Amino acid sequence: MQLPSHLTVETVAALKRPDLSGEMPLVVDLSTVEHIDSAGVAWLALVARQAKEAGKTLHVEGARPEIERTLAMFPALPSYVRHVPPVPSMTARLGGQVEGAVNMLTAFALLCADAAWFTLMTIAGRFRVRPGLLAYEMAAMGSRALGVVGLIAFLVGATMGLQSAAQLRRFGADIFVVDLIVVSLLRELGPLMAAIVVAGRTGAATAAELGTMVVTEEVDALRTMGLHPVRLLVVPKVIAITIVQPLLTIFANALGILGGFLVAAAYLNVSPDSFIQRTIEIVVFKDIFTGLIKSVVFAWLIVLLGAHYGLTTRGGADAVGRSTTSSVVAGIFAVVVADAFASLIFYFGG
Amino acid sequence: MQSTANPQLTSARWPSDRPTVEVHGLIAKYGARTVLNGVDVSVMPGEIHVILGGSGCGKSTLLKHMIGLYQQAGGDVSLLGVDLKAADEPERNAVLGRVGMLFQAGALLNGLSVRDNVALPIVERSELPRVVVDEMVRMKLDLVDLADKMDLMPPALSGGMKKRAALARAIATDPWVLFCDEPGAGLDPISMAALDSLLLNLRDRFGMSMVVVTHELPSIARIADRVTMLDQGKVIAQGPLREVQETDHPLVHAFFARKETEQDAMDAQLNVWRALGGSEPGAQS
């Protein structure tokens, strides 16, 4: 076929596909080509691949030295064979995904074991936490989250109060708004809301921090000093969140109840005294205790998933972004699943 | 220092007649791709052993296998007489307490000041009082001329300073073996020469073994006692620098005659540029 003198981005689009039905081998004569750019080289590569797929070989002839040099810039070209990996079958893909999930769960279980061991050893005094680090982590995870946790809890409590007010008023059961708000907040919504906020803040921050440390070889540097990254980087976070999360949950409960209290006082026939009296009557220690136990479990899941995704980051800045996103999604998912299991356990367990 | 099965690790010095690093028939893989295939390297005490080769030939991979960051697919790697793959945790820790590593970008912990970065391995590996640790830190930072920057955080340091601070951390525990991954990368020629003389000083004063990955010719000429040259995962030349330079392997020859090669590459690039229809870079239109 006749090729233009400029085999470039301007001319390649108009070129016809060469006839592959003729005698072997297919010959492309470049003697008329004076200029070629990467679009022209790509067109040649494409023709070569199509020829190969049709069982033919491609011969390039008559290229000027400067054209040869341009072609030589692309090392894969001289063979005119581009490796196209075979598309795996559906079974193979499914198997690969199952294997990936098993590997992920194994790595996560090992991380949990390491974190549990080093945390216990740290509490027992065998290892130290750098002075000030615990306070720093607690401030980052706890006090800086107070605003958003408090605001969300307050709004949810107020919304619950508003939604239930209309229904309860119809039955003259205004006072039961206290039961609805207080019990659901203490048992479920308080721990859950605090955990979801913490998953978005602390889970993401943990994954991003550790992922960046992996990418910049800081984690490797610790390993070469014989220092276990889980002990130095994860354990302080586990201890800090274990202290902070129940406090955040208590704060969320208090603000949620306050929201409900204000709505009840404004729109229902419930006086502040009645609200407080009813709260004292219905709240049992178990409600508070189960909520706080759940909050600690949620906190561990969030921090350990963040640490897992951070420490398994491979690649560059984009990989850190992916790890961060995955840690938040996995953290919220794990919290919701754990909450469902915990509810079942506490419901059937009395 | 924790107890260990290898009594030589608790002695004052490593014996001068035993290699500090021994690699035999190392095979390294990333997935199905073989990166190193049957590599042998031996490093004696007080020796600066330079590993060189083109990009992607497996230099850094070899270094990370030597220090136990990666586990080999085949062959044996012994660091200070210990096979890190088979070693238990106390023995592994004892070995790592005797080695230091200078990473390409420094790998300083960004959340710690320069002082705390250098103090970290000492504090974590010993029971020394903080005042003694601080004095050790000051001494090491003095060595790299950064004593006045010890309270800065790593992001406030220039590239060269980061590298020197990382070197101070790598030598904080007086290692017997120092691994350096491209120590001259990103440094100007003067800083590179200063870093080289620092490495030579450390070797001369403390008798450290060093394994240095680099492809900076001036640096190689200054510091290398012996070199190992890799290509496509295999050793193509090994021995004292002078002998390797005289090897007639075309790649070795091309590497050490790089001035010409670089010129050739520039010419080739210019030709490609012309072939692509562009005007010469830098030419006035």
# chains A, B, ... in the order shown; residues from 1 in each chain; ligands from 1
>>> closest_atom_pairs(of="chain A", to="chain B", cutoff="12 Å", atoms="only C-alpha atoms", output="CSV")
residue,atom,partner,partner_atom,distance
A:Ser5,CA,B:Gly277,CA,11.8
A:His6,CA,B:Gly277,CA,9.3
A:Leu7,CA,B:Leu276,CA,9.8
A:Thr8,CA,B:Leu276,CA,8.6
A:Val9,CA,B:Leu276,CA,10.9
A:Val33,CA,B:Ala275,CA,10.6
A:Glu34,CA,B:Ala275,CA,8.0
A:His35,CA,B:Ala275,CA,5.9
A:Ile36,CA,B:Leu276,CA,5.7
A:Asp37,CA,B:Leu276,CA,5.2
A:Ser38,CA,B:Leu276,CA,8.2
A:Ala39,CA,B:Leu276,CA,10.5
A:Gly40,CA,B:Leu276,CA,10.1
A:Val41,CA,B:Leu276,CA,10.8
A:Ala63,CA,B:Ala275,CA,11.6
A:Arg64,CA,B:Ala275,CA,9.7
A:Pro65,CA,B:Ala275,CA,9.1
A:Glu66,CA,B:Ala275,CA,5.3
A:Ile67,CA,B:Ala275,CA,6.3
A:Glu68,CA,B:Val272,CA,9.2
A:Arg69,CA,B:Val272,CA,6.2
A:Thr70,CA,B:Val272,CA,5.3
A:Leu71,CA,B:Val272,CA,9.1
A:Ala72,CA,B:Val272,CA,9.3
A:Met73,CA,B:Val272,CA,8.0
A:Phe74,CA,B:Val272,CA,11.3
A:Arg126,CA,B:Glu124,CA,11.6
A:Phe127,CA,B:Glu124,CA,8.8
A:Arg128,CA,B:Glu124,CA,8.5
A:Val129,CA,B:Glu124,CA,10.0
A:Arg130,CA,B:Val123,CA,9.6
A:Pro131,CA,B:Asp116,CA,11.5
A:Gly132,CA,B:Leu112,CA,11.6
A:Leu133,CA,B:Gly111,CA,10.1
A:Tyr136,CA,B:Gly111,CA,11.1
A:Glu137,CA,B:Gly111,CA,11.9
A:Glu209,CA,B:Gly111,CA,10.0
A:Leu210,CA,B:Leu109,CA,10.9
A:Thr212,CA,B:Asn110,CA,10.2
A:Met213,CA,B:Leu109,CA,7.7
A:Val214,CA,B:Ala107,CA,9.4
A:Val215,CA,B:Ala107,CA,9.4
A:Thr216,CA,B:Ala107,CA,5.8
A:Glu217,CA,B:Ala107,CA,5.3
A:Glu218,CA,B:Ala107,CA,4.6
A:Val219,CA,B:Ala107,CA,8.2
A:Asp220,CA,B:Leu69,CA,7.1
A:Ala221,CA,B:Ala107,CA,6.4
A:Leu222,CA,B:Pro121,CA,8.5
A:Arg223,CA,B:Leu69,CA,7.4
A:Thr224,CA,B:Leu96,CA,6.2
A:Met225,CA,B:Leu96,CA,5.8
A:Gly226,CA,B:Asn93,CA,5.1
A:Leu227,CA,B:Glu124,CA,7.6
A:His228,CA,B:Asn93,CA,9.9
A:Pro229,CA,B:Leu109,CA,11.9
A:Arg231,CA,B:Glu124,CA,11.0
A:Leu232,CA,B:Glu124,CA,9.6
A:Leu233,CA,B:Leu109,CA,10.9
>>> residues_around(residues="region 14-20 of chain B", least_positions_apart="5", cutoff="10 Å", atoms="only C-alpha atoms", output="PyMOL selection string")
chain B and resi 8-9+41-47+78-82+98+176-177+207-210
>>> write_last_selection(atoms="C-alpha atoms", output="JSON list (two decimals), in the first residue's frame")
[["chain", "number", "residue", "atom", "x", "y", "z"],
["B", 8, "GLN", "CA", 30.07, -13.29, 67.81],
["B", 9, "LEU", "CA", 27.21, -10.80, 67.72],
["B", 41, "VAL", "CA", 28.37, -11.62, 46.65],
["B", 42, "SER", "CA", 30.72, -11.64, 49.60],
["B", 43, "VAL", "CA", 31.69, -8.57, 51.64],
["B", 44, "MET", "CA", 34.63, -8.56, 54.05],
["B", 45, "PRO", "CA", 34.95, -6.36, 57.18],
["B", 46, "GLY", "CA", 36.20, -2.87, 56.41],
["B", 47, "GLU", "CA", 35.37, -3.25, 52.73],
["B", 78, "SER", "CA", 23.84, -14.62, 55.44],
["B", 79, "LEU", "CA", 24.27, -11.35, 57.36],
["B", 80, "LEU", "CA", 26.87, -11.41, 60.13],
["B", 81, "GLY", "CA", 26.84, -15.18, 59.99],
["B", 82, "VAL", "CA", 23.07, -15.46, 60.41],
["B", 98, "ARG", "CA", 24.59, -4.41, 64.24],
["B", 176, "TRP", "CA", 29.31, -3.20, 61.76],
["B", 177, "VAL", "CA", 27.66, -3.18, 58.36],
["B", 207, "GLY", "CA", 36.12, -0.53, 60.32],
["B", 208, "MET", "CA", 32.55, -0.76, 59.01],
["B", 209, "SER", "CA", 31.67, -2.92, 56.04],
["B", 210, "MET", "CA", 29.61, -1.04, 53.53]]
>>> residues_around(residues="Arg138 (chain B)", least_positions_apart="3", cutoff="12 Å", atoms="only C-alpha atoms", output="list in words")
Val114, Arg115, Asp116, Asn117, Val118, Ala119, Val131, Val132, Val133, Asp134, Glu135, Leu141, Asp142, Leu143, Val144, Asp145, Leu146, Ala147, Asp148, Lys149, Met150, Asp151, Ala165, Ala168, Arg169 and Ala172 of chain B
>>> select_by_dssp(residues="region 115-190 of chain B", states="strand (DSSP E or B)", output="list of chain:residue names")
B:Val177, B:Leu178, B:Phe179, B:Cys180, B:Asp181
>>> write_last_selection(atoms="N, CA and C atoms", output="compact mmCIF listing (two decimals), in the first residue's frame")
# COMPACT_ATOMS: atom_id res chain seq x y z
N VAL B 177 27.92 -3.19 59.80
CA VAL B 177 27.66 -3.18 58.36
C VAL B 177 26.70 -2.04 58.05
N LEU B 178 27.05 -1.26 57.04
CA LEU B 178 26.17 -0.15 56.64
C LEU B 178 25.75 -0.37 55.19
N PHE B 179 24.45 -0.35 54.97
CA PHE B 179 23.91 -0.49 53.61
C PHE B 179 23.45 0.88 53.13
N CYS B 180 23.83 1.24 51.93
CA CYS B 180 23.43 2.56 51.39
C CYS B 180 22.79 2.36 50.02
N ASP B 181 21.53 2.81 49.90
CA ASP B 181 20.82 2.69 48.63
C ASP B 181 20.90 4.04 47.90
>>> atom_distance(atom1="CA of Ile257 (chain A)", atom2="CA of Ile243 (chain A)")
22.3 Å
>>> atom_distance(atom1="CA of Asp231 (chain B)", atom2="CA of Glu243 (chain B)")
17.8 Å
>>> residues_around(residues="Val77 (chain B)", least_positions_apart="2", cutoff="9 Å", atoms="only C-alpha atoms", output="list in words")
Val21, Glu22, Val23, His24, Gly25, Leu26, His65, Met66, Ile67, Gly68, Gln72, Gly75, Leu79, Val82, Asp83, Leu84 and Lys85 of chain B
>>> write_last_selection(atoms="C-alpha atoms", output="compact mmCIF listing (two decimals), in the first residue's frame")
# COMPACT_ATOMS: atom_id res chain seq x y z
CA VAL B 21 27.63 -10.40 54.15
CA GLU B 22 27.50 -13.59 52.10
CA VAL B 23 25.09 -14.22 49.26
CA HIS B 24 25.16 -17.50 47.36
CA GLY B 25 23.00 -18.35 44.36
CA LEU B 26 20.37 -15.76 45.28
CA HIS B 65 17.51 -9.19 50.37
CA MET B 66 20.87 -8.74 52.08
CA ILE B 67 19.25 -6.88 54.98
CA GLY B 68 16.29 -9.24 55.20
CA GLN B 72 14.60 -14.92 48.73
CA GLY B 75 19.80 -19.42 47.44
CA LEU B 79 24.27 -11.35 57.36
CA VAL B 82 23.07 -15.46 60.41
CA ASP B 83 20.57 -16.67 57.83
CA LEU B 84 17.82 -14.10 58.39
CA LYS B 85 15.23 -16.29 56.69
>>> atom_distance(atom1="CA of Lys29 (chain B)", atom2="CA of Gly321 (chain A)")
26.8 Å
>>> select_by_dssp(residues="region 45-151 of chain B", states="helix (DSSP H, G or I)", output="VMD selection string")
chain B and resid 59 to 66 89 to 96 114 to 125 130 to 143 147 to 149
>>> write_last_selection(atoms="C-alpha atoms", output="tab-separated table (two decimals), in the first residue's frame")
chain	number	residue	atom	x	y	z
B	59	LYS	CA	20.57	-3.57	42.62
B	60	SER	CA	18.14	-2.34	45.27
B	61	THR	CA	16.41	-5.71	45.33
B	62	LEU	CA	19.75	-7.36	46.12
B	63	LEU	CA	20.37	-4.83	48.90
B	64	LYS	CA	16.96	-5.42	50.45
B	65	HIS	CA	17.51	-9.19	50.37
B	66	MET	CA	20.87	-8.74	52.08
B	89	GLU	CA	13.21	-13.12	66.44
B	90	PRO	CA	15.95	-12.53	69.09
B	91	GLU	CA	18.71	-13.53	66.69
B	92	ARG	CA	17.26	-11.46	63.90
B	93	ASN	CA	17.03	-8.47	66.24
B	94	ALA	CA	20.61	-9.00	67.40
B	95	VAL	CA	21.81	-8.93	63.79
B	96	LEU	CA	19.75	-5.87	62.90
B	114	VAL	CA	15.94	15.10	63.58
B	115	ARG	CA	17.15	14.51	67.16
B	116	ASP	CA	14.38	11.97	67.87
B	117	ASN	CA	14.91	10.23	64.53
B	118	VAL	CA	18.57	9.63	65.35
B	119	ALA	CA	17.76	8.72	68.94
B	120	LEU	CA	15.05	6.22	67.95
B	121	PRO	CA	17.23	3.12	67.36
B	122	ILE	CA	19.28	3.85	70.50
B	123	VAL	CA	16.25	4.43	72.74
B	124	GLU	CA	14.40	1.41	71.41
B	125	ARG	CA	17.35	-0.95	71.58
B	130	ARG	CA	18.28	9.94	78.02
B	131	VAL	CA	21.21	12.28	78.71
B	132	VAL	CA	23.63	9.68	77.33
B	133	VAL	CA	21.38	9.10	74.33
B	134	ASP	CA	21.25	12.85	73.70
B	135	GLU	CA	25.04	13.04	73.81
B	136	MET	CA	25.32	10.14	71.35
B	137	VAL	CA	22.82	11.84	69.07
B	138	ARG	CA	24.78	15.09	69.21
B	139	MET	CA	28.00	13.24	68.34
B	140	LYS	CA	26.46	11.51	65.34
B	141	LEU	CA	24.85	14.70	64.10
B	142	ASP	CA	28.18	16.49	64.56
B	143	LEU	CA	29.75	13.88	62.30
B	147	ALA	CA	24.19	19.40	65.14
B	148	ASP	CA	22.60	22.83	64.77
B	149	LYS	CA	19.59	21.37	62.94
>>> residues_around(residues="region 110-113 of chain A", least_positions_apart="4", cutoff="10 Å", atoms="only C-alpha atoms", output="ChimeraX atom specification")
/A:104-106,117-119,230,234,300-301,304-305,307-308,311
>>> write_last_selection(atoms="C-alpha atoms", output="PDB file, in the first residue's frame")
ATOM      1  CA  MET A 104      -6.429 -10.237  53.022  1.00  0.00           C
ATOM      2  CA  LEU A 105      -8.219 -11.911  55.939  1.00  0.00           C
ATOM      3  CA  THR A 106      -5.066 -13.839  56.881  1.00  0.00           C
ATOM      4  CA  TRP A 117       0.307  -9.100  71.720  1.00  0.00           C
ATOM      5  CA  PHE A 118       2.264  -5.858  71.593  1.00  0.00           C
ATOM      6  CA  THR A 119      -0.560  -3.911  73.264  1.00  0.00           C
ATOM      7  CA  VAL A 230       3.034  -2.619  64.596  1.00  0.00           C
ATOM      8  CA  VAL A 234      -0.164   0.791  65.610  1.00  0.00           C
ATOM      9  CA  TRP A 300     -10.486  -1.569  67.353  1.00  0.00           C
ATOM     10  CA  LEU A 301     -12.004  -2.592  64.024  1.00  0.00           C
ATOM     11  CA  LEU A 304      -6.865  -2.087  62.788  1.00  0.00           C
ATOM     12  CA  LEU A 305      -8.501  -1.903  59.351  1.00  0.00           C
ATOM     13  CA  ALA A 307      -3.524   0.035  59.865  1.00  0.00           C
ATOM     14  CA  HIS A 308      -4.028  -3.017  57.652  1.00  0.00           C
ATOM     15  CA  LEU A 311       0.691  -1.200  55.937  1.00  0.00           C
TER      16      LEU A 311
END
>>> closest_residue(among="A:Val244, A:Leu186, A:Ala195, A:Ala334", to="Thr290 (chain A)", atoms="only C-alpha atoms")
A:Leu186
>>> residues_around(residues="Arg242 (chain B)", least_positions_apart="2", cutoff="10 Å", atoms="only C-alpha atoms", output="list in words")
Ala221, Ala224, Asp225, Arg226, Val227, Gly239, Pro240, Val244, Gln245, Glu246 and Thr247 of chain B
>>> write_last_selection(atoms="C-alpha atoms", output="PDB file, in the first residue's frame")
ATOM      1  CA  ALA B 221      35.965   5.857  41.836  1.00  0.00           C
ATOM      2  CA  ALA B 224      34.801   1.389  45.948  1.00  0.00           C
ATOM      3  CA  ASP B 225      37.150  -1.334  47.153  1.00  0.00           C
ATOM      4  CA  ARG B 226      35.331  -4.045  45.260  1.00  0.00           C
ATOM      5  CA  VAL B 227      32.390  -3.873  42.905  1.00  0.00           C
ATOM      6  CA  GLY B 239      36.163  -7.880  41.931  1.00  0.00           C
ATOM      7  CA  PRO B 240      38.427  -4.962  42.771  1.00  0.00           C
ATOM      8  CA  VAL B 244      36.458  -4.790  36.789  1.00  0.00           C
ATOM      9  CA  GLN B 245      37.201  -1.630  34.812  1.00  0.00           C
ATOM     10  CA  GLU B 246      39.539  -3.651  32.635  1.00  0.00           C
ATOM     11  CA  THR B 247      36.991  -6.389  31.967  1.00  0.00           C
TER      12      THR B 247
END
>>> residues_around(residues="Leu187 (chain B)", least_positions_apart="3", cutoff="10 Å", atoms="only C-alpha atoms", output="number ranges by chain")
B: 159-161, 163, 183-184, 190-193, 195
>>> write_last_selection(atoms="C-alpha atoms", output="short mmCIF file (atom, residue, chain, number, x, y, z; two decimals), in the first residue's frame")
data_model
loop_
_atom_site.label_atom_id
_atom_site.label_comp_id
_atom_site.auth_asym_id
_atom_site.auth_seq_id
_atom_site.Cartn_x
_atom_site.Cartn_y
_atom_site.Cartn_z
CA GLY B 159 17.48 16.85 50.28
CA GLY B 160 21.16 16.71 51.19
CA MET B 161 20.45 17.43 54.87
CA LYS B 163 20.34 12.26 53.59
CA PRO B 183 23.42 7.72 48.64
CA GLY B 184 24.36 10.26 45.96
CA ILE B 190 30.02 18.85 46.12
CA SER B 191 27.53 17.31 48.57
CA MET B 192 28.10 13.93 46.94
CA ALA B 193 31.86 14.21 47.42
CA LEU B 195 29.08 12.26 51.65
#
>>> closest_residue(among="A:Met121, A:Val27, A:Ala338, A:Val183", to="Lys286 (chain A)", atoms="only C-alpha atoms")
A:Val183
